[in-house]
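Peer 1: Take a look at input_25.pdb, PDB, C-alpha atoms:
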ATOM      1  CA  MET A  19       8.923  38.256  53.873  1.00  0.00           C
ATOM      2  CA  LEU A  20       7.222  40.479  56.438  1.00  0.00           C
ATOM      3  CA  ILE A  21       3.433  40.546  56.422  1.00  0.00           C
ATOM      4  CA  GLN A  22       1.639  42.879  58.790  1.00  0.00           C
ATOM      5  CA  ILE A  23      -2.005  43.387  59.574  1.00  0.00           C
ATOM      6  CA  ILE A  24      -2.611  46.894  60.866  1.00  0.00           C
ATOM      7  CA  ALA A  25      -6.082  47.105  62.355  1.00  0.00           C
ATOM      8  CA  VAL A  26      -8.171  49.602  64.280  1.00  0.00           C
ATOM      9  CA  GLY A  27      -9.290  48.613  67.763  1.00  0.00           C
ATOM     10  CA  LYS A  28      -8.238  46.103  70.371  1.00  0.00           C
ATOM     11  CA  LEU A  29      -9.483  42.548  70.093  1.00  0.00           C
ATOM     12  CA  LYS A  30     -11.380  41.573  73.198  1.00  0.00           C
ATOM     13  CA  GLU A  31     -13.041  38.336  72.108  1.00  0.00           C
ATOM     14  CA  LYS A  32     -10.934  35.462  73.387  1.00  0.00           C
ATOM     15  CA  TYR A  33     -11.896  33.090  70.561  1.00  0.00           C
ATOM     16  CA  LEU A  34     -10.700  35.572  67.920  1.00  0.00           C
ATOM     17  CA  VAL A  35      -7.425  36.214  69.754  1.00  0.00           C
ATOM     18  CA  GLN A  36      -6.815  32.468  70.083  1.00  0.00           C
ATOM     19  CA  GLY A  37      -7.592  31.842  66.420  1.00  0.00           C
ATOM     20  CA  ILE A  38      -5.208  34.565  65.261  1.00  0.00           C
ATOM     21  CA  GLN A  39      -2.505  33.306  67.635  1.00  0.00           C
ATOM     22  CA  GLU A  40      -2.874  29.794  66.203  1.00  0.00           C
ATOM     23  CA  TYR A  41      -2.437  30.948  62.594  1.00  0.00           C
ATOM     24  CA  ALA A  42       0.396  33.305  63.584  1.00  0.00           C
ATOM     25  CA  LYS A  43       2.168  30.339  65.188  1.00  0.00           C
ATOM     26  CA  ARG A  44       1.651  28.291  62.010  1.00  0.00           C
ATOM     27  CA  LEU A  45       3.049  31.155  59.894  1.00  0.00           C
ATOM     28  CA  ASN A  46       6.151  31.540  62.045  1.00  0.00           C
ATOM     29  CA  PRO A  47       8.335  28.999  60.176  1.00  0.00           C
ATOM     30  CA  TYR A  48       7.587  30.626  56.806  1.00  0.00           C
ATOM     31  CA  ILE A  49       7.298  34.404  57.170  1.00  0.00           C
ATOM     32  CA  LYS A  50       7.569  37.165  59.717  1.00  0.00           C
ATOM     33  CA  PHE A  51       4.017  38.053  60.729  1.00  0.00           C
ATOM     34  CA  GLN A  52       2.873  40.980  62.868  1.00  0.00           C
ATOM     35  CA  MET A  53      -0.523  42.085  64.100  1.00  0.00           C
ATOM     36  CA  ILE A  54      -0.563  45.794  64.963  1.00  0.00           C
ATOM     37  CA  GLU A  55      -3.549  47.294  66.735  1.00  0.00           C
ATOM     38  CA  VAL A  56      -4.173  51.025  66.743  1.00  0.00           C
ATOM     39  CA  ALA A  57      -6.633  52.715  69.078  1.00  0.00           C
ATOM     40  CA  ASP A  58     -10.101  53.314  67.784  1.00  0.00           C
ATOM     41  CA  GLU A  59     -11.599  56.757  68.114  1.00  0.00           C
ATOM     42  CA  LYS A  60     -14.132  56.914  70.908  1.00  0.00           C
ATOM     43  CA  ALA A  61     -17.422  58.216  69.573  1.00  0.00           C
ATOM     44  CA  PRO A  62     -21.161  57.843  70.185  1.00  0.00           C
ATOM     45  CA  ASP A  63     -23.122  55.280  68.156  1.00  0.00           C
ATOM     46  CA  THR A  64     -24.900  57.907  66.080  1.00  0.00           C
ATOM     47  CA  LEU A  65     -22.702  60.331  64.184  1.00  0.00           C
ATOM     48  CA  SER A  66     -23.212  62.860  61.415  1.00  0.00           C
ATOM     49  CA  ASP A  67     -21.347  62.343  58.157  1.00  0.00           C
ATOM     50  CA  ALA A  68     -18.878  65.049  59.190  1.00  0.00           C
ATOM     51  CA  GLU A  69     -18.252  63.328  62.513  1.00  0.00           C
ATOM     52  CA  VAL A  70     -17.710  59.965  60.759  1.00  0.00           C
ATOM     53  CA  SER A  71     -15.120  61.646  58.532  1.00  0.00           C
ATOM     54  CA  ILE A  72     -13.306  63.001  61.584  1.00  0.00           C
ATOM     55  CA  VAL A  73     -13.290  59.555  63.231  1.00  0.00           C
ATOM     56  CA  LYS A  74     -11.916  57.902  60.076  1.00  0.00           C
ATOM     57  CA  GLU A  75      -9.316  60.646  59.669  1.00  0.00           C
ATOM     58  CA  ARG A  76      -8.031  60.272  63.239  1.00  0.00           C
ATOM     59  CA  GLU A  77      -7.927  56.483  63.008  1.00  0.00           C
ATOM     60  CA  GLY A  78      -6.234  56.798  59.613  1.00  0.00           C
ATOM     61  CA  GLU A  79      -3.502  58.986  61.084  1.00  0.00           C
ATOM     62  CA  ARG A  80      -2.847  56.295  63.701  1.00  0.00           C
ATOM     63  CA  ILE A  81      -2.705  53.614  61.018  1.00  0.00           C
ATOM     64  CA  LEU A  82      -0.285  55.560  58.848  1.00  0.00           C
ATOM     65  CA  THR A  83       2.199  56.002  61.711  1.00  0.00           C
ATOM     66  CA  HIS A  84       2.761  52.227  61.470  1.00  0.00           C
ATOM     67  CA  VAL A  85       3.054  52.033  57.673  1.00  0.00           C
ATOM     68  CA  LYS A  86       6.672  52.028  56.559  1.00  0.00           C
ATOM     69  CA  GLU A  87       7.643  53.801  53.345  1.00  0.00           C
ATOM     70  CA  SER A  88       8.808  50.497  51.846  1.00  0.00           C
ATOM     71  CA  ALA A  89       5.556  48.659  52.576  1.00  0.00           C
ATOM     72  CA  HIS A  90       3.193  47.544  49.861  1.00  0.00           C
ATOM     73  CA  VAL A  91      -0.192  48.423  51.357  1.00  0.00           C
ATOM     74  CA  ILE A  92      -3.331  46.419  50.691  1.00  0.00           C
ATOM     75  CA  ALA A  93      -6.417  48.039  52.197  1.00  0.00           C
ATOM     76  CA  LEU A  94      -9.469  45.948  52.953  1.00  0.00           C
ATOM     77  CA  ALA A  95     -12.384  47.814  51.426  1.00  0.00           C
ATOM     78  CA  ILE A  96     -15.842  46.771  50.273  1.00  0.00           C
ATOM     79  CA  GLY A  97     -15.171  48.309  46.853  1.00  0.00           C
ATOM     80  CA  GLY A  98     -11.864  46.482  46.439  1.00  0.00           C
ATOM     81  CA  GLN A  99     -10.960  43.624  44.139  1.00  0.00           C
ATOM     82  CA  LEU A 100     -12.322  40.164  44.826  1.00  0.00           C
ATOM     83  CA  TRP A 101      -9.523  37.575  44.918  1.00  0.00           C
ATOM     84  CA  SER A 102      -9.662  33.845  45.308  1.00  0.00           C
ATOM     85  CA  SER A 103      -7.254  32.207  47.753  1.00  0.00           C
ATOM     86  CA  GLU A 104      -5.099  31.215  44.771  1.00  0.00           C
ATOM     87  CA  GLU A 105      -5.043  34.810  43.508  1.00  0.00           C
ATOM     88  CA  LEU A 106      -3.995  36.092  46.941  1.00  0.00           C
ATOM     89  CA  ALA A 107      -1.237  33.480  47.013  1.00  0.00           C
ATOM     90  CA  ALA A 108      -0.065  34.493  43.536  1.00  0.00           C
ATOM     91  CA  GLU A 109      -0.052  38.181  44.488  1.00  0.00           C
ATOM     92  CA  LEU A 110       1.964  37.569  47.668  1.00  0.00           C
ATOM     93  CA  ASP A 111       4.387  35.426  45.677  1.00  0.00           C
ATOM     94  CA  ARG A 112       4.705  38.140  43.008  1.00  0.00           C
ATOM     95  CA  LEU A 113       5.274  40.839  45.619  1.00  0.00           C
ATOM     96  CA  GLY A 114       7.866  38.768  47.456  1.00  0.00           C
ATOM     97  CA  THR A 115       9.740  37.995  44.263  1.00  0.00           C
ATOM     98  CA  TYR A 116       9.462  41.193  42.224  1.00  0.00           C
ATOM     99  CA  GLY A 117       7.934  43.852  44.426  1.00  0.00           C
ATOM    100  CA  SER A 118       8.142  44.417  48.129  1.00  0.00           C
ATOM    101  CA  SER A 119       9.025  41.815  50.718  1.00  0.00           C
ATOM    102  CA  HIS A 120       7.018  43.941  53.184  1.00  0.00           C
ATOM    103  CA  VAL A 121       3.250  43.789  52.803  1.00  0.00           C
ATOM    104  CA  ALA A 122       0.888  45.630  55.132  1.00  0.00           C
ATOM    105  CA  PHE A 123      -2.803  44.751  55.101  1.00  0.00           C
ATOM    106  CA  VAL A 124      -4.943  47.492  56.631  1.00  0.00           C
ATOM    107  CA  ILE A 125      -8.308  46.948  58.294  1.00  0.00           C
ATOM    108  CA  GLY A 126     -10.277  50.014  59.336  1.00  0.00           C
ATOM    109  CA  GLY A 127     -12.646  50.480  62.206  1.00  0.00           C
ATOM    110  CA  SER A 128     -16.422  50.215  62.147  1.00  0.00           C
ATOM    111  CA  HIS A 129     -16.681  53.281  59.893  1.00  0.00           C
ATOM    112  CA  GLY A 130     -14.068  52.108  57.399  1.00  0.00           C
ATOM    113  CA  LEU A 131     -10.822  53.685  56.242  1.00  0.00           C
ATOM    114  CA  SER A 132      -9.942  57.323  55.683  1.00  0.00           C
ATOM    115  CA  ASP A 133      -9.323  58.662  52.194  1.00  0.00           C
ATOM    116  CA  GLN A 134      -5.694  59.236  53.181  1.00  0.00           C
ATOM    117  CA  VAL A 135      -5.189  55.535  53.984  1.00  0.00           C
ATOM    118  CA  LEU A 136      -6.987  54.480  50.803  1.00  0.00           C
ATOM    119  CA  ARG A 137      -4.724  56.774  48.753  1.00  0.00           C
ATOM    120  CA  ARG A 138      -1.633  55.250  50.396  1.00  0.00           C
ATOM    121  CA  ALA A 139      -2.747  51.740  49.474  1.00  0.00           C
ATOM    122  CA  GLN A 140      -1.412  50.270  46.264  1.00  0.00           C
ATOM    123  CA  GLN A 141      -4.277  47.798  46.191  1.00  0.00           C
ATOM    124  CA  LYS A 142      -7.735  47.396  47.677  1.00  0.00           C
ATOM    125  CA  LEU A 143      -9.052  43.956  48.558  1.00  0.00           C
ATOM    126  CA  SER A 144     -12.640  42.951  49.272  1.00  0.00           C
ATOM    127  CA  PHE A 145     -13.817  39.757  50.903  1.00  0.00           C
ATOM    128  CA  GLY A 146     -17.241  40.237  49.352  1.00  0.00           C
ATOM    129  CA  ARG A 147     -20.236  42.485  49.583  1.00  0.00           C
ATOM    130  CA  MET A 148     -21.371  41.169  52.958  1.00  0.00           C
ATOM    131  CA  THR A 149     -20.626  43.287  55.989  1.00  0.00           C
ATOM    132  CA  LEU A 150     -18.437  41.444  58.469  1.00  0.00           C
ATOM    133  CA  PRO A 151     -17.221  42.664  61.855  1.00  0.00           C
ATOM    134  CA  HIS A 152     -13.788  44.222  61.433  1.00  0.00           C
ATOM    135  CA  GLN A 153     -12.560  42.152  64.391  1.00  0.00           C
ATOM    136  CA  LEU A 154     -13.581  38.923  62.640  1.00  0.00           C
ATOM    137  CA  MET A 155     -11.826  40.072  59.459  1.00  0.00           C
ATOM    138  CA  ARG A 156      -8.511  39.888  61.292  1.00  0.00           C
ATOM    139  CA  LEU A 157      -8.980  36.168  61.856  1.00  0.00           C
ATOM    140  CA  VAL A 158     -10.280  35.532  58.332  1.00  0.00           C
ATOM    141  CA  LEU A 159      -7.393  37.475  56.788  1.00  0.00           C
ATOM    142  CA  THR A 160      -4.786  35.750  58.968  1.00  0.00           C
ATOM    143  CA  GLU A 161      -6.145  32.361  57.905  1.00  0.00           C
ATOM    144  CA  GLN A 162      -6.087  33.405  54.250  1.00  0.00           C
ATOM    145  CA  ILE A 163      -2.472  34.548  54.545  1.00  0.00           C
ATOM    146  CA  TYR A 164      -1.607  31.149  56.027  1.00  0.00           C
ATOM    147  CA  ARG A 165      -3.522  29.416  53.216  1.00  0.00           C
ATOM    148  CA  ALA A 166      -1.660  31.529  50.627  1.00  0.00           C
ATOM    149  CA  VAL A 167       1.709  30.573  52.118  1.00  0.00           C
ATOM    150  CA  LYS A 168       0.765  26.890  52.020  1.00  0.00           C
ATOM    151  CA  ILE A 169      -0.437  27.196  48.402  1.00  0.00           C
ATOM    152  CA  ASN A 170       2.827  28.857  47.386  1.00  0.00           C
ATOM    153  CA  ARG A 171       4.853  26.142  49.094  1.00  0.00           C
ATOM    154  CA  GLY A 172       2.801  23.390  47.471  1.00  0.00           C
ATOM    155  CA  GLU A 173       2.041  21.950  50.897  1.00  0.00           C
ATOM    156  CA  PRO A 174      -1.222  20.276  51.871  1.00  0.00           C
ATOM    157  CA  TYR A 175      -3.735  22.503  53.607  1.00  0.00           C
ATOM    158  CA  HIS A 176      -5.565  24.256  50.811  1.00  0.00           C
ATOM    159  CA  LYS A 177      -8.488  22.332  49.379  1.00  0.00           C
TER     160      LYS A 177
END
Could the structure of this file be written out as structure tokens, please?

Peer 2:
Amino acid sequence: MLIQIIAVGKLKEKYLVQGIQEYAKRLNPYIKFQMIEVADEKAPDTLSDAEVSIVKEREGERILTHVKESAHVIALAIGGQLWSSEELAAELDRLGTYGSSHVAFVIGGSHGLSDQVLRRAQQKLSFGRMTLPHQLMRLVLTEQIYRAVKINRGEPYHK
């Protein structure tokens, strides 16, 4: 199974990079895992609604260039479904067995995802109503993917 995380922006924080690298290393024996970073759109801190739409659209175009036709896309979105770790594990197992062995999770930039990316997604996933930095979400999601793999294998890690 190939699981990708396609995310806007380059991670600069060393602790986040190291955390993701650790979980990626742990995933290596079980699945093919890729982290793909696309450039964020440079923009001032204060933008009009129209300017925010343009930023999301441009970032969305960059994201979609990395989404293969065969990929099952799960977009991280505040309005998405709330899954437990067990439900994520079950969904990845279902997709690997009956759906697509290529899953692409998509994390937008600070303004979120474009409508075009959200339309391409087969599912939308939320990690709750709290706002979290999109850079931190990469680490949290990578850990949850690792946890899901361990749950599906019946191996100790998940508690």

Peer 1: In terms of the shortest atom-to-atom distance over all atoms listed in the file, which of A:Val26, A:Ile21, A:Val85, A:Leu65 is closest to Leu110 of chain A?

Peer 2: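 Under the stated criterion, the closest residue is A:Ile21.
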
Peer 1: For the file shown, report as a PyMOL selection string the outcome of the PyMOL selection byres ((chain A and resi 124-132) around 10) at residue level.

Peer 2: chain A and resi 22-27+54-59+70-79+81-82+85+91-96+121-123+133-137+139+142-143+150-153+155-156+159

Peer 1: Convert the output of the PyMOL selection byres ((chain A and resi 30-38) around 7) on the shown file into explicit residues, formatted as a list in words.

Peer 2: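 Selected by the PyMOL selection byres ((chain A and resi 30-38) around 7) here: Lys28, Leu29, Gln39, Glu40, Tyr41, Ala42, Leu154, Leu157 and Thr160 of chain A.
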
Peer 1: For Ser102 of chain A, which residue among A:Phe145, A:Arg171, A:Met19, A:Ser66 is the nearest when counting all atoms listed in the file?

Peer 2: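 Closest to Ser102 of chain A of all the choices is A:Phe145.
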
Peer 1: Give, as lines of an AutoDock Vina configuration file, the centre coordinates and the x, y and z edge lengths in Å to one decimal for an axis-aligned box around all listed atoms of segment 122-128 of chain A, padded by 6 Å on each side.

Peer 2:
center_x = -7.8
center_y = 47.6
center_z = 58.7
size_x = 29.3
size_y = 17.7
size_z = 19.1

Peer 1: Determine the nearest neighbour of Ser119 of chain A from the options A:Tyr175, A:Tyr164, A:Phe51, A:Trp101, counting all atoms listed in the file.

Peer 2: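 Nearest to Ser119 of chain A: A:Phe51.
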
Peer 1: Counting only C-alpha atoms, figure out which residue out of A:Ser144, A:Ala68, A:Arg112, A:Val167 gets nearest to Gln99 of chain A.

Peer 2: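 Of A:Ser144, A:Ala68, A:Arg112, A:Val167, the one nearest Gln99 of chain A is A:Ser144, counting only C-alpha atoms.
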
Peer 1: Between A:Gly97, A:Glu87, A:Ala107, A:Glu161, single out the one closest to Thr149 of chain A, counting only C-alpha atoms.

Peer 2: A:Gly97

Peer 1: Give me, please, the distance in Å between atom CA of Arg165 of chain A and atom CA of Ser118 of chain A, quoted to one decimal.

Peer 2: 19.7 Å

Peer 1: Could you tell me which of A:Lys168, A:Gln140, A:His90, A:Glu173 comes closest to Leu20 of chain A if we count only C-alpha atoms?

Peer 2: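 Checking each of A:Lys168, A:Gln140, A:His90, A:Glu173 against Leu20 of chain A, counting only C-alpha atoms, the winner is A:His90.
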